[in-house]
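One structure is given here, and the rest of the page talks about it.
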Amino acid sequence: MSDAADRDRDPEFAFELRVCRWAERAWHPDGPRPAFVARQLGTRQRRWDTVVVEVDPEAFAARRALSTDGFDSDLLRVVRHAPAEWAWYRDAIPEPDFPWRHVVPAVHRAAGLGLVEKRRGSRNRVEYRRTAPYPDWVERVVAIENKPNLDASAARALADQLDHDVSRALADEVWVATEVTGRRVEPALLEDLPVEVGILGVDGDSAEVLWHPSSLSPDPDDARRRLVLAERAYDRGWRNYVDTMRPDCRQFELDRRGRALVPRCAAKDCYQSQRECAHSCPSFEPEPPAWRMNGWPIEGGPGKGVRRILEARRERERDRAERGSENA
Ligand code: SF4
């Protein structure tokens with residue numbers, strides 16, 4: 001491949017951002033469902049490129065009313081099991097697999113955030129009660145693996161991971177997203193992937209279902225794990241990639257790829273990866289101070305401006321999920 005052609009090709013990172021943006025606008029492939037999207041999330045054993053969390057709009061609104069931040073697992077345990085009436089925390093929360101004393105700081109933290117009320121009860125015990133119930137807001141969790149070039153060797157490398165996803169069934173559906181080639185039979189369909197895994201063909205701003213996934217049956221014992229994942233997805237979304245990149249570099253641009261804004265490096269004339277756009281980048285040039293004080297042009301924006309644009313977009317999409325499918 002020539003240098004020029006190589007530059008025009010979306011690297012995996014830019015492709016991943018496009019898939020996130022598409023999923024945010026269009027989920028579900030068979031009809032809109034209120035959802036929000038996150039990236040690079042999972043468990044210790046498995047990390048997914050894109051995670052779609054389908055929500056019950058009304059319950060999601062109640063969840064947002066509790067906090068605009070996601071809860072870590074300690075906070076979630078306390079808030080989710082907070083009783084309506086005053087109770088000793090050990091009577092309200094299922095026994096954890098670590099000492100009870102480690103739960104107390106989370107009760108104090110939840111009270112400090114206004115999520116619960118706390119007091120000292122009889123025998124100086126820490127008691128607490130909720131300010132509002134924790135809603136049942138997560139409908140389904142969908143995991144997407146992104147492989148723009150799903151050739152035979154990429155499919156072989158993926159097969160074991162996808163087998164694990166299907167048998168583990170932490171998500172309700174598993175997909176692979178790949179760039180369509182325009183050939184009569186898409187090569188992805190010829191690869192040896194688990195039949196339960198859906199295949200999504202991405203073409204610019206749109207995507208089509210090449211192969212429908214099977215619905216998996218998550219184990220009810222995994223309910224907490226799925227909720228922890230959903231809370232992290234809610235907290236992080238998918239635009240937080242700038243946190244590990246250098247939007248404060250004057251060469252950092254947000255380039256419009258269809259409906260997605262994708263980081264581009266003006267110095268290298270390419271869609272840079274997160275790894276190269278880091279503190280170690282030898283081409284880094286600090287943005288001029290004036291950029292931080294004035295507006296923030298979309299093209300070639302300063303670090304703060306980039307963050308504000310992406311943050312505003314995240315909030316807008318949360319609003320959309322809350323409004324529900326009729327507006328999606
Ligand atoms: S020059 Fe380096 S730090 Fe600056 S935008 Fe390009 S890759 Fe990122």
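Each chain of the structure tokens is named A, B, ... in the order shown, its residues numbered from 1; ligands are numbered from 1 in display order.
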
Worksheet item: Among range 66-265 of chain A, which residues carry a DSSP assignment of strand (DSSP E), reported as a PyMOL selection string?
Response: chain A and resi 87-88+116-120+126-130+138-146+173-179+198-203+206-211+252-257+260-265

Go ahead and save the residues from that selection, with C-alpha atoms, as a PDB file, in the first residue's frame.
```pdb
ATOM      1  CA  ALA A  87     -31.220   0.546  59.013  1.00  0.00           C
ATOM      2  CA  TRP A  88     -27.811  -0.663  60.084  1.00  0.00           C
ATOM      3  CA  VAL A 116     -28.101   8.673  51.133  1.00  0.00           C
ATOM      4  CA  GLU A 117     -28.555   9.971  54.674  1.00  0.00           C
ATOM      5  CA  LYS A 118     -26.555   8.522  57.560  1.00  0.00           C
ATOM      6  CA  ARG A 119     -26.626   8.672  61.345  1.00  0.00           C
ATOM      7  CA  ARG A 120     -25.288   6.878  64.397  1.00  0.00           C
ATOM      8  CA  VAL A 126     -23.755   3.393  61.292  1.00  0.00           C
ATOM      9  CA  GLU A 127     -27.288   3.524  59.943  1.00  0.00           C
ATOM     10  CA  TYR A 128     -28.405   4.932  56.625  1.00  0.00           C
ATOM     11  CA  ARG A 129     -31.398   5.346  54.342  1.00  0.00           C
ATOM     12  CA  ARG A 130     -31.897   6.393  50.780  1.00  0.00           C
ATOM     13  CA  VAL A 138     -30.235  -1.090  32.383  1.00  0.00           C
ATOM     14  CA  GLU A 139     -32.167  -3.068  29.799  1.00  0.00           C
ATOM     15  CA  ARG A 140     -29.422  -4.789  27.805  1.00  0.00           C
ATOM     16  CA  VAL A 141     -25.665  -4.693  27.376  1.00  0.00           C
ATOM     17  CA  VAL A 142     -24.233  -5.168  23.881  1.00  0.00           C
ATOM     18  CA  ALA A 143     -20.544  -5.744  23.181  1.00  0.00           C
ATOM     19  CA  ILE A 144     -18.958  -4.836  19.835  1.00  0.00           C
ATOM     20  CA  GLU A 145     -15.495  -5.829  18.678  1.00  0.00           C
ATOM     21  CA  ASN A 146     -14.134  -3.553  15.954  1.00  0.00           C
ATOM     22  CA  GLU A 173     -25.407  -9.678  22.373  1.00  0.00           C
ATOM     23  CA  VAL A 174     -21.960  -9.786  20.808  1.00  0.00           C
ATOM     24  CA  TRP A 175     -21.089  -8.172  17.475  1.00  0.00           C
ATOM     25  CA  VAL A 176     -18.100  -7.679  15.225  1.00  0.00           C
ATOM     26  CA  ALA A 177     -18.053  -4.426  13.265  1.00  0.00           C
ATOM     27  CA  THR A 178     -16.056  -4.360  10.056  1.00  0.00           C
ATOM     28  CA  GLU A 179     -15.631  -2.025   7.101  1.00  0.00           C
ATOM     29  CA  GLY A 198     -23.532 -10.675  14.788  1.00  0.00           C
ATOM     30  CA  ILE A 199     -21.595  -9.013  11.963  1.00  0.00           C
ATOM     31  CA  LEU A 200     -22.084  -5.351  11.250  1.00  0.00           C
ATOM     32  CA  GLY A 201     -20.837  -3.887   7.969  1.00  0.00           C
ATOM     33  CA  VAL A 202     -19.858  -0.251   8.412  1.00  0.00           C
ATOM     34  CA  ASP A 203     -19.867   2.027   5.386  1.00  0.00           C
ATOM     35  CA  SER A 206     -24.138   3.956   7.972  1.00  0.00           C
ATOM     36  CA  ALA A 207     -24.010   0.303   8.894  1.00  0.00           C
ATOM     37  CA  GLU A 208     -25.924  -2.762   7.862  1.00  0.00           C
ATOM     38  CA  VAL A 209     -26.476  -6.064   9.569  1.00  0.00           C
ATOM     39  CA  LEU A 210     -24.585  -8.722   7.606  1.00  0.00           C
ATOM     40  CA  TRP A 211     -25.317 -11.463  10.133  1.00  0.00           C
ATOM     41  CA  PHE A 252      -4.167  18.211  17.412  1.00  0.00           C
ATOM     42  CA  GLU A 253      -7.319  18.589  15.346  1.00  0.00           C
ATOM     43  CA  LEU A 254     -10.806  17.146  15.440  1.00  0.00           C
ATOM     44  CA  ASP A 255     -11.575  16.059  11.908  1.00  0.00           C
ATOM     45  CA  ARG A 256     -15.099  15.364  10.779  1.00  0.00           C
ATOM     46  CA  ARG A 257     -15.478  11.777   9.469  1.00  0.00           C
ATOM     47  CA  ALA A 260     -18.066  11.642  13.908  1.00  0.00           C
ATOM     48  CA  LEU A 261     -15.280  13.914  15.109  1.00  0.00           C
ATOM     49  CA  VAL A 262     -12.029  11.999  14.980  1.00  0.00           C
ATOM     50  CA  PRO A 263      -8.614  13.187  16.256  1.00  0.00           C
ATOM     51  CA  ARG A 264      -6.184  14.037  13.493  1.00  0.00           C
ATOM     52  CA  CYS A 265      -2.558  15.115  13.688  1.00  0.00           C
TER      53      CYS A 265
END
```

Discussion item. Using only C-alpha atoms, which protein or nucleic acid residues come within 10 Å of Arg46 in chain A? Drop anything in the same chain fewer than 5 positions from it, and give the result as a PyMOL selection string.
Written reply: chain A and resi 40-41+161+164-165

Which residues of chain A sit at most 7 Å from ligand 1, using only C-alpha atoms and all ligand atoms? Give each one's shortest atom pair and distance in Å (one decimal place), in chain and ascending residue order, as JSON lines.
```
{"residue": "A:Met245", "atom": "CA", "partner": "ligand 1", "partner_atom_place_in_ligand_line": "8 (Fe)", "distance": 6.7}
{"residue": "A:Arg246", "atom": "CA", "partner": "ligand 1", "partner_atom_place_in_ligand_line": "3 (S)", "distance": 5.1}
{"residue": "A:Pro247", "atom": "CA", "partner": "ligand 1", "partner_atom_place_in_ligand_line": "5 (S)", "distance": 6.8}
{"residue": "A:Cys249", "atom": "CA", "partner": "ligand 1", "partner_atom_place_in_ligand_line": "4 (Fe)", "distance": 4.7}
{"residue": "A:Arg250", "atom": "CA", "partner": "ligand 1", "partner_atom_place_in_ligand_line": "4 (Fe)", "distance": 6.5}
{"residue": "A:Gln251", "atom": "CA", "partner": "ligand 1", "partner_atom_place_in_ligand_line": "5 (S)", "distance": 4.4}
{"residue": "A:Phe252", "atom": "CA", "partner": "ligand 1", "partner_atom_place_in_ligand_line": "5 (S)", "distance": 3.7}
{"residue": "A:Arg264", "atom": "CA", "partner": "ligand 1", "partner_atom_place_in_ligand_line": "5 (S)", "distance": 6.9}
{"residue": "A:Cys265", "atom": "CA", "partner": "ligand 1", "partner_atom_place_in_ligand_line": "6 (Fe)", "distance": 4.2}
{"residue": "A:Ala266", "atom": "CA", "partner": "ligand 1", "partner_atom_place_in_ligand_line": "6 (Fe)", "distance": 6.4}
{"residue": "A:Ala267", "atom": "CA", "partner": "ligand 1", "partner_atom_place_in_ligand_line": "1 (S)", "distance": 5.5}
{"residue": "A:Lys268", "atom": "CA", "partner": "ligand 1", "partner_atom_place_in_ligand_line": "6 (Fe)", "distance": 6.2}
{"residue": "A:Gln272", "atom": "CA", "partner": "ligand 1", "partner_atom_place_in_ligand_line": "7 (S)", "distance": 5.7}
{"residue": "A:Glu276", "atom": "CA", "partner": "ligand 1", "partner_atom_place_in_ligand_line": "7 (S)", "distance": 5.5}
{"residue": "A:Cys277", "atom": "CA", "partner": "ligand 1", "partner_atom_place_in_ligand_line": "8 (Fe)", "distance": 3.6}
{"residue": "A:Ala278", "atom": "CA", "partner": "ligand 1", "partner_atom_place_in_ligand_line": "3 (S)", "distance": 5.6}
{"residue": "A:His279", "atom": "CA", "partner": "ligand 1", "partner_atom_place_in_ligand_line": "3 (S)", "distance": 6.9}
{"residue": "A:Cys281", "atom": "CA", "partner": "ligand 1", "partner_atom_place_in_ligand_line": "2 (Fe)", "distance": 4.7}
{"residue": "A:Pro282", "atom": "CA", "partner": "ligand 1", "partner_atom_place_in_ligand_line": "2 (Fe)", "distance": 6.5}
{"residue": "A:Ser283", "atom": "CA", "partner": "ligand 1", "partner_atom_place_in_ligand_line": "1 (S)", "distance": 4.2}
{"residue": "A:Phe284", "atom": "CA", "partner": "ligand 1", "partner_atom_place_in_ligand_line": "4 (Fe)", "distance": 4.2}
{"residue": "A:Glu285", "atom": "CA", "partner": "ligand 1", "partner_atom_place_in_ligand_line": "4 (Fe)", "distance": 6.1}
```

Residues from last step as file, C-alpha atoms, as a JSON list (two decimals), in the first residue's frame:
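Below you can see again30.json, which holds the result:
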```json
[["chain", "number", "residue", "atom", "x", "y", "z"],
["A", 245, "MET", "CA", -4.15, 12.15, 24.24],
["A", 246, "ARG", "CA", -2.64, 15.60, 23.69],
["A", 247, "PRO", "CA", -5.48, 17.97, 22.74],
["A", 249, "CYS", "CA", -0.85, 20.17, 21.22],
["A", 250, "ARG", "CA", -1.24, 22.77, 18.46],
["A", 251, "GLN", "CA", -1.14, 19.97, 15.90],
["A", 252, "PHE", "CA", -4.17, 18.21, 17.41],
["A", 264, "ARG", "CA", -6.18, 14.04, 13.49],
["A", 265, "CYS", "CA", -2.56, 15.12, 13.69],
["A", 266, "ALA", "CA", -1.73, 18.01, 11.37],
["A", 267, "ALA", "CA", 2.02, 17.45, 11.79],
["A", 268, "LYS", "CA", 1.89, 13.81, 10.77],
["A", 272, "GLN", "CA", -2.98, 9.35, 15.04],
["A", 276, "GLU", "CA", 1.50, 7.96, 19.52],
["A", 277, "CYS", "CA", -0.40, 11.07, 20.64],
["A", 278, "ALA", "CA", 1.11, 10.94, 24.10],
["A", 279, "HIS", "CA", 3.60, 12.72, 26.31],
["A", 281, "CYS", "CA", 5.49, 12.29, 21.09],
["A", 282, "PRO", "CA", 8.60, 14.02, 19.67],
["A", 283, "SER", "CA", 6.46, 16.29, 17.45],
["A", 284, "PHE", "CA", 4.43, 17.75, 20.31],
["A", 285, "GLU", "CA", 4.11, 21.54, 20.18]]
```

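The two atoms in question, CA of Ser67 in chain A and CA of Arg47 in chain A, are spaced 25.5 Å apart.
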
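Residues in contact range of Pro194 in chain A, defined as at most 9 Å between only C-alpha atoms, with sequence neighbours fewer than 6 positions away removed, read Ala159, Leu162, Asp163 and Val166 of chain A.
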
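Using only C-alpha atoms, the shortest contact distance between Leu227 in chain A and any of A:Ser280, A:Thr43, A:Thr244, A:Thr68 is found at A:Thr43.
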
Worksheet item: Which value, in Å to one decimal, gives the distance between CA of His212 in chain A and CA of Ala230 in chain A?
Response: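 Straight-line distance from CA of His212 in chain A to CA of Ala230 in chain A works out to 23.4 Å.
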
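Here CA of Val79 in chain A and CA of Glu24 in chain A stand 27.7 Å from one another.
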
Worksheet item: Taking into account only C-alpha atoms, which residue in the set A:Ala188, A:Ala14, A:Ala26, A:Val53 is nearest to Ala38 in chain A?
Response: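 Closest residue, counting only C-alpha atoms: A:Val53.
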
Worksheet item: Taking only C-alpha atoms into account, which of A:Ala157, A:Ala61, A:Leu150, A:Ala321 comes nearest Arg25 in chain A?
Response: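 Under the stated criterion, the closest residue is A:Ala321.
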